[in-house]
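Engineer: This is the structure, below, for whatever I ask next.
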Amino acid sequence: MKEAIGELNTTLITFLAVALLSAFFFMIIWPMIKQGLREDESCASAVCDIGYNANGMAYCYNPNDDSKDIFECPYRG
């Protein structure tokens with residue numbers, strides 16, 4: 001009986017560890033990755049000003065967007 005209880009405890013600890021790691025990934029890590037992908041996508045279709053600022057980034061805007069919001073993208077030369 002002690003072996004069965006020991007295996008149940010090990011299984012429960014393993015299940016909780018996997019659940020906590022999954023929750024951490026999907027609540028913290030994945031949104032950061034998703035935001036980075038969105039920024040890369042918006043920079044791919046952006047029109048950028050000539051030159052770059054002190055951070056090595058260029059000021060860009062999306063020509064298809066009517067609001068003409070300005071954002072920064074890596075300088076591509």
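Labels for the structure tokens follow display order: chains A, B, ..., residues from 1 in each chain, ligands from 1.
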List every residue of chain A that DSSP, applied to the backbone of this structure, assigns to strand (DSSP E or B), and report them as a ChimeraX atom specification.
Structural biologist: /A:47-48,57-61,70-74
Engineer: Can you check which residues of chain A DSSP gives as helix (DSSP H, G or I) on the backbone and send them as an MDAnalysis selection string?
Structural biologist: chainID A and resid 2:44
Engineer: Would you save the residues from that selection as a compact mmCIF listing (two decimals), in the first residue's frame, using N, CA and C atoms?
Structural biologist:
```
# COMPACT_ATOMS: atom_id res chain seq x y z
N LYS A 2 2.00 1.21 0.74
CA LYS A 2 2.88 2.38 0.79
C LYS A 2 3.44 2.70 -0.59
N GLU A 3 3.74 1.67 -1.38
CA GLU A 3 4.27 1.91 -2.72
C GLU A 3 3.23 2.58 -3.60
N ALA A 4 1.99 2.19 -3.48
CA ALA A 4 0.92 2.79 -4.29
C ALA A 4 0.73 4.26 -3.92
N ILE A 5 0.78 4.56 -2.64
CA ILE A 5 0.65 5.96 -2.18
C ILE A 5 1.85 6.76 -2.67
N GLY A 6 3.05 6.18 -2.62
CA GLY A 6 4.25 6.87 -3.09
C GLY A 6 4.18 7.18 -4.58
N GLU A 7 3.69 6.22 -5.36
CA GLU A 7 3.55 6.45 -6.80
C GLU A 7 2.46 7.49 -7.09
N LEU A 8 1.41 7.47 -6.32
CA LEU A 8 0.35 8.47 -6.49
C LEU A 8 0.89 9.86 -6.19
N ASN A 9 1.67 10.01 -5.13
CA ASN A 9 2.26 11.31 -4.79
C ASN A 9 3.20 11.78 -5.90
N THR A 10 4.02 10.87 -6.42
CA THR A 10 4.94 11.23 -7.51
C THR A 10 4.16 11.65 -8.75
N THR A 11 3.11 10.95 -9.07
CA THR A 11 2.28 11.29 -10.22
C THR A 11 1.62 12.64 -10.03
N LEU A 12 1.14 12.90 -8.84
CA LEU A 12 0.49 14.17 -8.55
C LEU A 12 1.49 15.34 -8.63
N ILE A 13 2.67 15.15 -8.11
CA ILE A 13 3.70 16.20 -8.17
C ILE A 13 4.09 16.46 -9.62
N THR A 14 4.27 15.40 -10.40
CA THR A 14 4.61 15.56 -11.81
C THR A 14 3.50 16.29 -12.56
N PHE A 15 2.26 15.91 -12.33
CA PHE A 15 1.13 16.56 -12.98
C PHE A 15 1.06 18.05 -12.63
N LEU A 16 1.25 18.38 -11.36
CA LEU A 16 1.21 19.78 -10.95
C LEU A 16 2.37 20.58 -11.55
N ALA A 17 3.54 19.97 -11.64
CA ALA A 17 4.69 20.66 -12.24
C ALA A 17 4.43 20.96 -13.72
N VAL A 18 3.90 20.00 -14.44
CA VAL A 18 3.58 20.21 -15.86
C VAL A 18 2.49 21.27 -16.00
N ALA A 19 1.49 21.24 -15.15
CA ALA A 19 0.41 22.23 -15.21
C ALA A 19 0.94 23.64 -14.93
N LEU A 20 1.80 23.78 -13.94
CA LEU A 20 2.36 25.09 -13.62
C LEU A 20 3.25 25.61 -14.74
N LEU A 21 4.08 24.75 -15.32
CA LEU A 21 4.93 25.18 -16.43
C LEU A 21 4.11 25.55 -17.66
N SER A 22 3.04 24.81 -17.91
CA SER A 22 2.16 25.14 -19.03
C SER A 22 1.46 26.47 -18.82
N ALA A 23 0.98 26.69 -17.63
CA ALA A 23 0.32 27.97 -17.32
C ALA A 23 1.30 29.13 -17.45
N PHE A 24 2.52 28.96 -16.96
CA PHE A 24 3.55 30.00 -17.08
C PHE A 24 3.83 30.31 -18.54
N PHE A 25 3.97 29.27 -19.36
CA PHE A 25 4.26 29.49 -20.77
C PHE A 25 3.11 30.22 -21.47
N PHE A 26 1.89 29.72 -21.30
CA PHE A 26 0.77 30.29 -22.05
C PHE A 26 0.28 31.63 -21.50
N MET A 27 0.61 31.98 -20.27
CA MET A 27 0.17 33.26 -19.71
C MET A 27 1.24 34.33 -19.77
N ILE A 28 2.52 33.96 -19.82
CA ILE A 28 3.59 34.95 -19.78
C ILE A 28 4.46 34.90 -21.03
N ILE A 29 4.99 33.75 -21.37
CA ILE A 29 5.95 33.64 -22.46
C ILE A 29 5.27 33.79 -23.83
N TRP A 30 4.18 33.08 -24.07
CA TRP A 30 3.53 33.11 -25.38
C TRP A 30 3.03 34.51 -25.77
N PRO A 31 2.41 35.29 -24.88
CA PRO A 31 2.02 36.65 -25.29
C PRO A 31 3.22 37.51 -25.71
N MET A 32 4.38 37.33 -25.08
CA MET A 32 5.56 38.10 -25.49
C MET A 32 6.03 37.66 -26.88
N ILE A 33 6.02 36.38 -27.14
CA ILE A 33 6.40 35.89 -28.47
C ILE A 33 5.42 36.38 -29.52
N LYS A 34 4.14 36.33 -29.21
CA LYS A 34 3.10 36.76 -30.14
C LYS A 34 3.24 38.25 -30.48
N GLN A 35 3.53 39.08 -29.48
CA GLN A 35 3.72 40.51 -29.71
C GLN A 35 4.94 40.76 -30.60
N GLY A 36 6.01 40.03 -30.36
CA GLY A 36 7.20 40.15 -31.19
C GLY A 36 6.93 39.79 -32.64
N LEU A 37 6.13 38.75 -32.86
CA LEU A 37 5.77 38.36 -34.22
C LEU A 37 4.92 39.44 -34.90
N ARG A 38 4.00 40.04 -34.16
CA ARG A 38 3.20 41.13 -34.72
C ARG A 38 4.06 42.32 -35.12
N GLU A 39 5.02 42.67 -34.26
CA GLU A 39 5.92 43.78 -34.58
C GLU A 39 6.76 43.48 -35.82
N ASP A 40 7.25 42.26 -35.92
CA ASP A 40 8.03 41.87 -37.11
C ASP A 40 7.16 41.94 -38.37
N GLU A 41 5.91 41.53 -38.25
CA GLU A 41 5.01 41.56 -39.39
C GLU A 41 4.73 43.00 -39.82
N SER A 42 4.52 43.89 -38.87
CA SER A 42 4.24 45.28 -39.22
C SER A 42 5.47 45.96 -39.81
N CYS A 43 6.67 45.56 -39.40
CA CYS A 43 7.89 46.14 -39.95
C CYS A 43 8.15 45.65 -41.38
N ALA A 44 7.66 44.46 -41.71
CA ALA A 44 7.90 43.91 -43.05
C ALA A 44 7.18 44.72 -44.12
```
Engineer: For A:Asn64, please output as a PDB file with C-alpha atoms, in the first residue's frame all residues within 12 Å (counting only C-alpha atoms; exclusion window: fewer than 3 positions along the same chain).
Structural biologist:
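The resulting file, around.pdb, is shown below:
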```
ATOM      1  CA  SER A  42       4.236  45.281 -39.223  1.00  0.00           C
ATOM      2  CA  SER A  45       5.267  46.032 -44.805  1.00  0.00           C
ATOM      3  CA  ALA A  46       6.293  49.413 -43.370  1.00  0.00           C
ATOM      4  CA  VAL A  47       7.694  52.475 -45.116  1.00  0.00           C
ATOM      5  CA  TYR A  61       4.523  53.868 -40.785  1.00  0.00           C
ATOM      6  CA  SER A  67      -4.196  56.674 -39.049  1.00  0.00           C
ATOM      7  CA  LYS A  68      -0.488  56.937 -40.035  1.00  0.00           C
ATOM      8  CA  ASP A  69       0.679  55.822 -36.580  1.00  0.00           C
TER       9      ASP A  69
END
```
Engineer: What does the structure give for the distance between atom CA of A:Ile50 and atom CA of A:Asp66, in Å to one decimal?
Structural biologist: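 For atom CA of A:Ile50 relative to atom CA of A:Asp66, the distance reads 21.2 Å.
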Engineer: Taking 6 positions as the minimum chain separation for residues in the same chain, which residues sit within 10 Å of A:Cys48 when counting only C-alpha atoms? Answer as a list in words.
Structural biologist: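 Listed by chain and then number, they are Met57, Ala58, Tyr59, Cys60, Tyr61, Asn62, Pro63, Ile70, Phe71, Glu72, Cys73, Pro74, Tyr75 and Arg76 of chain A.
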Engineer: Keeping all heavy atoms for every residue in the selection just given, could you write it to a file as a CSV table (one decimal), in the first residue's frame?
Structural biologist:
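Full text of selection_8.csv as output:
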```csv
chain,number,residue,atom,x,y,z
A,57,MET,N,17.1,52.2,-34.6
A,57,MET,CA,15.8,52.0,-35.1
A,57,MET,C,15.4,53.1,-36.0
A,57,MET,O,15.8,54.2,-35.8
A,57,MET,CB,14.8,51.8,-34.0
A,57,MET,CG,15.2,50.8,-32.9
A,57,MET,SD,15.1,49.1,-33.5
A,57,MET,CE,13.4,48.8,-33.1
A,58,ALA,N,14.6,52.8,-37.0
A,58,ALA,CA,14.1,53.8,-37.9
A,58,ALA,C,12.6,54.0,-37.6
A,58,ALA,O,11.9,53.2,-37.2
A,58,ALA,CB,14.2,53.3,-39.4
A,59,TYR,N,12.2,55.3,-37.9
A,59,TYR,CA,10.7,55.6,-37.7
A,59,TYR,C,10.0,55.2,-38.9
A,59,TYR,O,10.4,55.6,-40.0
A,59,TYR,CB,10.6,57.1,-37.4
A,59,TYR,CG,11.2,57.5,-36.0
A,59,TYR,CD1,12.3,58.3,-36.0
A,59,TYR,CD2,10.6,57.0,-34.9
A,59,TYR,CE1,12.8,58.7,-34.8
A,59,TYR,CE2,11.2,57.4,-33.6
A,59,TYR,CZ,12.3,58.2,-33.6
A,59,TYR,OH,12.8,58.6,-32.4
A,60,CYS,N,8.9,54.4,-38.8
A,60,CYS,CA,8.2,53.9,-39.9
A,60,CYS,C,6.7,54.1,-39.7
A,60,CYS,O,6.2,54.4,-38.6
A,60,CYS,CB,8.5,52.4,-40.0
A,60,CYS,SG,10.2,52.0,-40.1
A,61,TYR,N,6.0,53.9,-40.8
A,61,TYR,CA,4.5,53.9,-40.8
A,61,TYR,C,4.0,52.9,-41.8
A,61,TYR,O,4.7,52.5,-42.8
A,61,TYR,CB,4.0,55.3,-41.0
A,61,TYR,CG,4.2,55.8,-42.4
A,61,TYR,CD1,3.3,55.6,-43.4
A,61,TYR,CD2,5.4,56.5,-42.7
A,61,TYR,CE1,3.5,56.1,-44.7
A,61,TYR,CE2,5.6,56.9,-44.0
A,61,TYR,CZ,4.7,56.7,-45.0
A,61,TYR,OH,4.9,57.2,-46.3
A,62,ASN,N,2.8,52.5,-41.6
A,62,ASN,CA,2.2,51.5,-42.6
A,62,ASN,C,1.4,52.3,-43.6
A,62,ASN,O,0.5,53.1,-43.3
A,62,ASN,CB,1.2,50.6,-41.8
A,62,ASN,CG,0.7,49.5,-42.7
A,62,ASN,OD1,0.8,49.5,-43.9
A,62,ASN,ND2,0.1,48.5,-42.0
A,63,PRO,N,1.8,52.2,-44.9
A,63,PRO,CA,1.1,53.0,-45.9
A,63,PRO,C,-0.4,52.6,-46.1
A,63,PRO,O,-1.2,53.4,-46.6
A,63,PRO,CB,1.9,52.7,-47.2
A,63,PRO,CG,2.5,51.4,-46.9
A,63,PRO,CD,2.8,51.3,-45.5
A,70,ILE,N,3.0,56.2,-36.2
A,70,ILE,CA,4.5,56.0,-36.3
A,70,ILE,C,5.0,55.0,-35.3
A,70,ILE,O,4.6,55.1,-34.1
A,70,ILE,CB,5.2,57.3,-36.2
A,70,ILE,CG1,4.8,58.2,-37.4
A,70,ILE,CG2,6.7,57.1,-36.3
A,70,ILE,CD1,5.3,59.6,-37.3
A,71,PHE,N,5.8,54.0,-35.7
A,71,PHE,CA,6.4,53.1,-34.9
A,71,PHE,C,7.8,52.9,-35.3
A,71,PHE,O,8.2,53.3,-36.3
A,71,PHE,CB,5.6,51.7,-34.8
A,71,PHE,CG,5.3,51.2,-36.2
A,71,PHE,CD1,6.2,50.3,-36.8
A,71,PHE,CD2,4.2,51.5,-36.9
A,71,PHE,CE1,6.0,49.8,-38.1
A,71,PHE,CE2,3.9,51.0,-38.2
A,71,PHE,CZ,4.8,50.1,-38.8
A,72,GLU,N,8.6,52.2,-34.5
A,72,GLU,CA,10.0,51.9,-34.7
A,72,GLU,C,10.2,50.5,-35.3
A,72,GLU,O,9.6,49.6,-34.8
A,72,GLU,CB,10.8,52.1,-33.5
A,72,GLU,CG,10.9,53.5,-33.0
A,72,GLU,CD,11.8,53.7,-31.8
A,72,GLU,OE1,11.9,52.7,-31.0
A,72,GLU,OE2,12.4,54.8,-31.6
A,73,CYS,N,11.1,50.4,-36.3
A,73,CYS,CA,11.6,49.2,-36.8
A,73,CYS,C,13.1,49.2,-36.9
A,73,CYS,O,13.7,50.2,-37.0
A,73,CYS,CB,11.0,49.0,-38.2
A,73,CYS,SG,9.2,48.7,-38.3
A,74,PRO,N,13.7,48.0,-36.9
A,74,PRO,CA,15.2,47.9,-37.1
A,74,PRO,C,15.6,48.6,-38.4
A,74,PRO,O,14.9,48.4,-39.4
A,74,PRO,CB,15.5,46.5,-37.1
A,74,PRO,CG,14.3,45.8,-36.4
A,74,PRO,CD,13.2,46.6,-36.7
A,75,TYR,N,16.6,49.3,-38.4
A,75,TYR,CA,17.1,50.0,-39.6
A,75,TYR,C,17.6,49.0,-40.6
A,75,TYR,O,18.4,48.1,-40.2
A,75,TYR,CB,18.2,51.0,-39.2
A,75,TYR,CG,18.7,51.8,-40.4
A,75,TYR,CD1,17.9,52.7,-41.0
A,75,TYR,CD2,20.0,51.6,-40.9
A,75,TYR,CE1,18.4,53.5,-42.1
A,75,TYR,CE2,20.5,52.4,-41.9
A,75,TYR,CZ,19.6,53.3,-42.6
A,75,TYR,OH,20.1,54.0,-43.6
A,76,ARG,N,17.2,49.1,-41.8
A,76,ARG,CA,17.5,48.1,-42.8
A,76,ARG,C,18.5,48.6,-43.9
A,76,ARG,O,18.8,48.0,-44.9
A,76,ARG,CB,16.3,47.6,-43.5
A,76,ARG,CG,15.4,46.8,-42.6
A,76,ARG,CD,14.1,46.3,-43.3
A,76,ARG,NE,13.3,47.5,-43.6
A,76,ARG,CZ,12.0,47.4,-43.8
A,76,ARG,NH1,11.4,46.2,-43.8
A,76,ARG,NH2,11.2,48.4,-44.0
```
